[in-house]
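Trainee: Just dropping this structure here.
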Amino acid sequence: MLCTRCLHAEAAPEGVLCAGCATPAGFAIPPAGVTPRIPLRSPIGLGRATAVLLGLAAAVDVFALGADFLMYDVTGDLAVGDTGAAVLDRADLADKLTAAAGSAQVLVLLACAVVFVIWLWRVRRNAEVFAPDGHHRARAWVIAGWVVPIANLWYPRRVVVDIWDASSTGDKPGGHALINVWWALWLLTNTIGRFLYTAFDAADTSQEIHDSMTQVMFADGVDLVAALVAVALVLRLTRMQDEKARQGPAVPVAV
């Protein structure tokens with residue numbers, strides 16, 4: 001019989017795993033000359049890279065919050081008429097830091113998006129080995145779900161839920177609380193967050209900028225929490241798949 005994990009090599013006699021999958025590494029390399037159907041591939045490296053980038057995004061958000069507070073403080077001074085040299089110097093520094101933070105946030109977001117989707121594709125392929133019939137959406141929605149209007153409001157969550165359920169090692173899938181918090185924060189930062197930034201972009205006077213900075217700080221704070229929750233999600237799902245691969249699938253025992 002075929003190995004029940006990798007689906008491309010013969011299982012050992014009186015066993016359900018091939019020699020490669022039975023090793024502690026957990027993920028088998030296809031034998032030479034064999035074309036696997038959907039071989040398991042370790043998500044650990046991609047998971048760690050994704051977590052590091054998300055951690056970098058969180059660090060950039062902390063930097064942005066510092067720049068936000070400086071801008072809030074100095075525009076408050078300017079709004080009450082304090083135009084001394086020291087205040088103007090702080091205002092110039094606040095402008096530079098705010099611009100740098102905004103650019104860094106965009107660049108890190110793009111990098112995170114690319115690596116996150118690559119990681120998500122990897123864990124989805126593995127999940128199809130664990131549970132071939134356990135997915136509500138075709139694999140193409142791993143990418144399309146983020147860009148198709150309307151569908152991007154819930155398709156990515158559905159994809160992750162299916163992967164989570166397929167990767168669970170117990171008799172029943174674990175709860176989806178972490179996924180729900182991650183998705184709620186993602187929607188919040190990409191809808192309300194963008195709206196809050198527009199007040200800062202439209203501000204002209206020192207008082208208007210000062211007032212808008214509270215909204216910007218809130219938006220950056222949500223981004224920070226969203227990034228940290230995403231780290232937790234990536235690490236947890238990566239660990240689940242590694243444990244699932246090492247454990248091997250449950251199979252009926254012949255009597």
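So you can find residues: chains in the structure tokens are A, B, ... in the order shown, residues in each start at 1, and ligands are numbered from 1 in order.
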Quick one: residues within 7 Å of segment 85-101 of chain A, only C-alpha atoms, excluding same-chain residues fewer than 5 positions away - as JSON, numbers by chain?
Mentor: {"A": [60, 63, 64, 67, 68, 70, 71, 74]}
Trainee: If we count only C-alpha atoms and set the cut-off at 9 Å, which residues sit around Glu243 of chain A, ignoring sequence neighbours fewer than 3 positions away in its own chain? Please answer as JSON, numbers by chain.
Mentor: {"A": [26, 167, 168, 169, 238, 239, 240, 246, 247, 248]}
Trainee: With a distance cut-off of 12 Å and only C-alpha atoms, select the neighbouring residues of segment 173-175 of chain A, excluding the residue or stretch itself and same-chain residues fewer than 2 positions from it, and output the selection as a VMD selection string.
Mentor: chain A and resid 131 134 161 to 171 177 to 181 236 to 237 240
Trainee: Take the residues just selected and output them with N, CA, C and O atoms as an mmCIF file, in the first residue's frame.
Mentor:
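The resulting out-v3.cif:
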```cif
data_model
loop_
_atom_site.group_PDB
_atom_site.id
_atom_site.type_symbol
_atom_site.label_atom_id
_atom_site.label_comp_id
_atom_site.auth_asym_id
_atom_site.auth_seq_id
_atom_site.Cartn_x
_atom_site.Cartn_y
_atom_site.Cartn_z
ATOM 1 N N ALA A 131 -6.255 16.056 4.818
ATOM 2 C CA ALA A 131 -7.709 15.925 4.653
ATOM 3 C C ALA A 131 -8.085 16.352 3.240
ATOM 4 O O ALA A 131 -8.473 17.503 3.007
ATOM 5 N N GLY A 134 -11.495 18.024 2.945
ATOM 6 C CA GLY A 134 -11.874 18.907 4.042
ATOM 7 C C GLY A 134 -11.782 20.380 3.742
ATOM 8 O O GLY A 134 -11.563 21.182 4.664
ATOM 9 N N VAL A 161 -9.378 28.428 8.240
ATOM 10 C CA VAL A 161 -10.143 27.524 9.107
ATOM 11 C C VAL A 161 -10.044 26.084 8.602
ATOM 12 O O VAL A 161 -9.841 25.142 9.387
ATOM 13 N N ASP A 162 -10.176 25.889 7.293
ATOM 14 C CA ASP A 162 -10.082 24.540 6.734
ATOM 15 C C ASP A 162 -8.693 23.949 6.950
ATOM 16 O O ASP A 162 -8.552 22.755 7.260
ATOM 17 N N ILE A 163 -7.663 24.769 6.770
ATOM 18 C CA ILE A 163 -6.290 24.297 7.000
ATOM 19 C C ILE A 163 -6.105 23.922 8.467
ATOM 20 O O ILE A 163 -5.513 22.888 8.796
ATOM 21 N N TRP A 164 -6.620 24.757 9.346
ATOM 22 C CA TRP A 164 -6.521 24.530 10.790
ATOM 23 C C TRP A 164 -7.182 23.200 11.174
ATOM 24 O O TRP A 164 -6.593 22.395 11.896
ATOM 25 N N ASP A 165 -8.404 22.991 10.674
ATOM 26 C CA ASP A 165 -9.135 21.765 10.999
ATOM 27 C C ASP A 165 -8.403 20.532 10.464
ATOM 28 O O ASP A 165 -8.315 19.504 11.143
ATOM 29 N N ALA A 166 -7.893 20.633 9.244
ATOM 30 C CA ALA A 166 -7.191 19.499 8.646
ATOM 31 C C ALA A 166 -5.882 19.200 9.366
ATOM 32 O O ALA A 166 -5.417 18.052 9.378
ATOM 33 N N SER A 167 -5.285 20.209 9.977
ATOM 34 C CA SER A 167 -3.978 20.052 10.623
ATOM 35 C C SER A 167 -4.077 19.697 12.096
ATOM 36 O O SER A 167 -3.052 19.464 12.740
ATOM 37 N N SER A 168 -5.286 19.671 12.645
ATOM 38 C CA SER A 168 -5.459 19.339 14.053
ATOM 39 C C SER A 168 -5.115 17.876 14.295
ATOM 40 O O SER A 168 -5.393 17.012 13.465
ATOM 41 N N THR A 169 -4.530 17.612 15.443
ATOM 42 C CA THR A 169 -4.075 16.248 15.742
ATOM 43 C C THR A 169 -5.052 15.476 16.621
ATOM 44 O O THR A 169 -4.924 14.268 16.768
ATOM 45 N N GLY A 170 -5.999 16.153 17.239
ATOM 46 C CA GLY A 170 -6.949 15.465 18.102
ATOM 47 C C GLY A 170 -8.101 14.861 17.336
ATOM 48 O O GLY A 170 -8.170 14.918 16.102
ATOM 49 N N ASP A 171 -9.021 14.270 18.094
ATOM 50 C CA ASP A 171 -10.204 13.683 17.472
ATOM 51 C C ASP A 171 -11.104 14.752 16.869
ATOM 52 O O ASP A 171 -11.785 14.523 15.881
ATOM 53 N N ALA A 177 -10.755 30.436 17.937
ATOM 54 C CA ALA A 177 -10.685 31.760 18.558
ATOM 55 C C ALA A 177 -9.518 32.576 18.023
ATOM 56 O O ALA A 177 -9.663 33.759 17.709
ATOM 57 N N LEU A 178 -8.347 31.959 17.911
ATOM 58 C CA LEU A 178 -7.171 32.679 17.419
ATOM 59 C C LEU A 178 -7.398 33.157 15.986
ATOM 60 O O LEU A 178 -7.041 34.294 15.637
ATOM 61 N N ILE A 179 -7.995 32.309 15.151
ATOM 62 C CA ILE A 179 -8.277 32.697 13.766
ATOM 63 C C ILE A 179 -9.268 33.860 13.735
ATOM 64 O O ILE A 179 -9.093 34.815 12.966
ATOM 65 N N ASN A 180 -10.288 33.785 14.568
ATOM 66 C CA ASN A 180 -11.311 34.838 14.572
ATOM 67 C C ASN A 180 -10.742 36.180 15.018
ATOM 68 O O ASN A 180 -11.071 37.228 14.446
ATOM 69 N N VAL A 181 -9.881 36.163 16.028
ATOM 70 C CA VAL A 181 -9.258 37.408 16.482
ATOM 71 C C VAL A 181 -8.346 37.969 15.401
ATOM 72 O O VAL A 181 -8.366 39.177 15.106
ATOM 73 N N ARG A 236 1.566 28.862 15.487
ATOM 74 C CA ARG A 236 0.710 27.778 15.974
ATOM 75 C C ARG A 236 0.345 26.814 14.850
ATOM 76 O O ARG A 236 0.435 25.598 15.011
ATOM 77 N N LEU A 237 -0.062 27.335 13.702
ATOM 78 C CA LEU A 237 -0.469 26.466 12.594
ATOM 79 C C LEU A 237 0.730 25.703 12.038
ATOM 80 O O LEU A 237 0.611 24.522 11.657
ATOM 81 N N MET A 240 1.349 22.908 14.429
ATOM 82 C CA MET A 240 0.316 21.883 14.286
ATOM 83 C C MET A 240 0.627 20.950 13.118
ATOM 84 O O MET A 240 0.493 19.726 13.225
#
```
Trainee: For a quick check of understanding, using only C-alpha atoms, which of A:Gln207, A:Leu188, A:Thr50, A:Gln215 has the smallest distance to Leu109 of chain A?
Mentor: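 Closest to Leu109 of chain A, using only C-alpha atoms: A:Thr50.
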Trainee: Quote the spacing between atom CA of Trp183 of chain A and atom CA of Val159 of chain A in Å to one decimal place.
Mentor: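 Separating atom CA of Trp183 of chain A from atom CA of Val159 of chain A is a distance of 11.6 Å.
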Trainee: What's the separation between atom CA of Leu185 of chain A and atom CA of Phe218 of chain A, in Å to one decimal place?
Mentor: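 Atom CA of Phe218 of chain A lies at a distance of 12.5 Å from atom CA of Leu185 of chain A.
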Trainee: Hey, which of A:Leu120, A:Ala202, A:Val114, A:Val216 ends up closest to Val160 of chain A? Count only C-alpha atoms.
Mentor: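 Of all the options, A:Leu120 lies closest to Val160 of chain A.
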Trainee: Apply DSSP to the structure's backbone, then extract all residues of segment 22-217 of chain A labelled helix (DSSP H, G or I) and return them as a PyMOL selection string.
Mentor: chain A and resi 44-79+85-130+141-144+151-153+155-167+177-202+206-217
Trainee: Got time to write the residues from that selection, C-alpha atoms, as a short mmCIF file (atom, residue, chain, number, x, y, z; two decimals), in the first residue's frame?
Mentor:
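Produced file part01.cif, reproduced below:
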```cif
data_model
loop_
_atom_site.label_atom_id
_atom_site.label_comp_id
_atom_site.auth_asym_id
_atom_site.auth_seq_id
_atom_site.Cartn_x
_atom_site.Cartn_y
_atom_site.Cartn_z
CA ILE A 44 8.80 25.31 9.40
CA GLY A 45 11.27 27.45 7.44
CA LEU A 46 8.56 29.49 5.75
CA GLY A 47 6.67 29.77 9.02
CA ARG A 48 9.68 31.18 10.82
CA ALA A 49 10.43 33.61 8.00
CA THR A 50 6.83 34.80 8.01
CA ALA A 51 6.85 35.22 11.79
CA VAL A 52 10.09 37.22 11.64
CA LEU A 53 8.68 39.58 9.01
CA LEU A 54 5.49 40.03 11.00
CA GLY A 55 7.60 40.73 14.07
CA LEU A 56 9.48 43.34 12.04
CA ALA A 57 6.14 44.86 11.07
CA ALA A 58 5.24 45.07 14.77
CA ALA A 59 8.57 46.78 15.49
CA VAL A 60 7.92 49.30 12.72
CA ASP A 61 4.50 49.99 14.24
CA VAL A 62 6.16 50.71 17.59
CA PHE A 63 8.47 53.15 15.82
CA ALA A 64 5.44 54.69 14.10
CA LEU A 65 3.68 55.14 17.43
CA GLY A 66 6.72 56.98 18.76
CA ALA A 67 6.70 59.27 15.73
CA ASP A 68 2.94 59.77 16.13
CA PHE A 69 3.31 60.85 19.75
CA LEU A 70 6.08 63.30 18.87
CA MET A 71 3.90 64.78 16.12
CA TYR A 72 0.95 64.98 18.53
CA ASP A 73 3.06 66.72 21.15
CA VAL A 74 4.75 69.26 18.90
CA THR A 75 1.61 70.19 16.96
CA GLY A 76 -0.07 70.83 20.30
CA ASP A 77 2.64 73.37 21.09
CA LEU A 78 2.32 74.96 17.65
CA ALA A 79 -1.47 75.13 17.98
CA ALA A 85 13.39 77.46 17.60
CA ALA A 86 13.28 74.31 19.73
CA VAL A 87 9.64 73.66 18.82
CA LEU A 88 10.34 74.18 15.13
CA ASP A 89 13.26 71.76 15.31
CA ARG A 90 11.03 69.15 16.96
CA ALA A 91 8.38 69.76 14.30
CA ASP A 92 10.93 69.14 11.55
CA LEU A 93 12.08 65.94 13.28
CA ALA A 94 8.47 64.81 13.70
CA ASP A 95 7.83 65.33 9.97
CA LYS A 96 10.87 63.24 9.03
CA LEU A 97 10.10 60.44 11.48
CA THR A 98 6.44 60.27 10.46
CA ALA A 99 7.35 60.08 6.78
CA ALA A 100 9.99 57.42 7.46
CA ALA A 101 7.54 55.38 9.53
CA GLY A 102 4.89 55.54 6.81
CA SER A 103 7.32 54.38 4.13
CA ALA A 104 8.67 51.58 6.33
CA GLN A 105 5.14 50.38 7.10
CA VAL A 106 4.30 50.13 3.39
CA LEU A 107 7.51 48.26 2.51
CA VAL A 108 7.22 45.80 5.39
CA LEU A 109 3.53 45.22 4.64
CA LEU A 110 4.35 44.28 1.05
CA ALA A 111 7.11 41.90 2.16
CA CYS A 112 4.81 40.33 4.77
CA ALA A 113 2.02 39.90 2.23
CA VAL A 114 4.24 38.02 -0.24
CA VAL A 115 5.84 35.69 2.32
CA PHE A 116 2.57 35.12 4.19
CA VAL A 117 0.78 33.99 1.01
CA ILE A 118 3.69 31.68 0.11
CA TRP A 119 3.53 30.15 3.59
CA LEU A 120 -0.26 29.87 3.35
CA TRP A 121 0.05 28.05 0.02
CA ARG A 122 2.50 25.60 1.59
CA VAL A 123 0.31 24.78 4.58
CA ARG A 124 -2.77 24.49 2.34
CA ARG A 125 -1.03 21.87 0.16
CA ASN A 126 -0.06 19.95 3.28
CA ALA A 127 -3.62 20.21 4.58
CA GLU A 128 -4.87 18.60 1.37
CA VAL A 129 -2.72 15.57 2.20
CA PHE A 130 -4.07 15.47 5.75
CA TRP A 141 -8.52 30.99 -3.45
CA VAL A 142 -5.43 30.96 -1.24
CA ILE A 143 -4.28 33.82 -3.49
CA ALA A 144 -7.47 35.01 -5.17
CA ALA A 151 -14.89 37.62 -1.34
CA ASN A 152 -11.83 39.08 0.39
CA LEU A 153 -14.04 39.87 3.39
CA TYR A 155 -12.69 33.77 1.94
CA PRO A 156 -9.17 33.96 3.44
CA ARG A 157 -10.60 33.17 6.89
CA ARG A 158 -12.48 30.18 5.46
CA VAL A 159 -9.27 28.91 3.85
CA VAL A 160 -7.34 29.21 7.12
CA VAL A 161 -10.14 27.52 9.11
CA ASP A 162 -10.08 24.54 6.73
CA ILE A 163 -6.29 24.30 7.00
CA TRP A 164 -6.52 24.53 10.79
CA ASP A 165 -9.14 21.77 11.00
CA ALA A 166 -7.19 19.50 8.65
CA SER A 167 -3.98 20.05 10.62
CA ALA A 177 -10.68 31.76 18.56
CA LEU A 178 -7.17 32.68 17.42
CA ILE A 179 -8.28 32.70 13.77
CA ASN A 180 -11.31 34.84 14.57
CA VAL A 181 -9.26 37.41 16.48
CA TRP A 182 -6.66 37.53 13.70
CA TRP A 183 -9.29 38.01 11.01
CA ALA A 184 -11.24 40.64 13.00
CA LEU A 185 -8.06 42.67 13.50
CA TRP A 186 -7.14 42.31 9.82
CA LEU A 187 -10.53 43.65 8.74
CA LEU A 188 -10.34 46.42 11.32
CA THR A 189 -6.91 47.62 10.25
CA ASN A 190 -7.84 47.53 6.54
CA THR A 191 -11.18 49.31 6.82
CA ILE A 192 -11.40 51.59 9.84
CA GLY A 193 -7.63 51.96 9.91
CA ARG A 194 -7.49 53.40 6.40
CA PHE A 195 -10.36 55.75 7.19
CA LEU A 196 -8.57 57.06 10.29
CA TYR A 197 -5.42 57.86 8.30
CA THR A 198 -7.41 60.07 5.91
CA ALA A 199 -8.03 62.64 8.64
CA PHE A 200 -4.26 63.14 8.99
CA ASP A 201 -3.77 63.35 5.22
CA ALA A 202 -6.48 66.01 4.96
CA SER A 206 -1.40 72.51 13.44
CA GLN A 207 -4.62 72.07 15.39
CA GLU A 208 -6.11 69.76 12.75
CA ILE A 209 -2.94 67.67 12.65
CA HIS A 210 -2.88 67.54 16.45
CA ASP A 211 -6.48 66.34 16.58
CA SER A 212 -5.96 63.75 13.84
CA MET A 213 -2.95 62.18 15.54
CA THR A 214 -5.10 60.46 18.15
CA GLN A 215 -6.80 58.58 15.33
CA VAL A 216 -3.48 57.75 13.68
CA MET A 217 -2.10 56.41 16.98
#
```
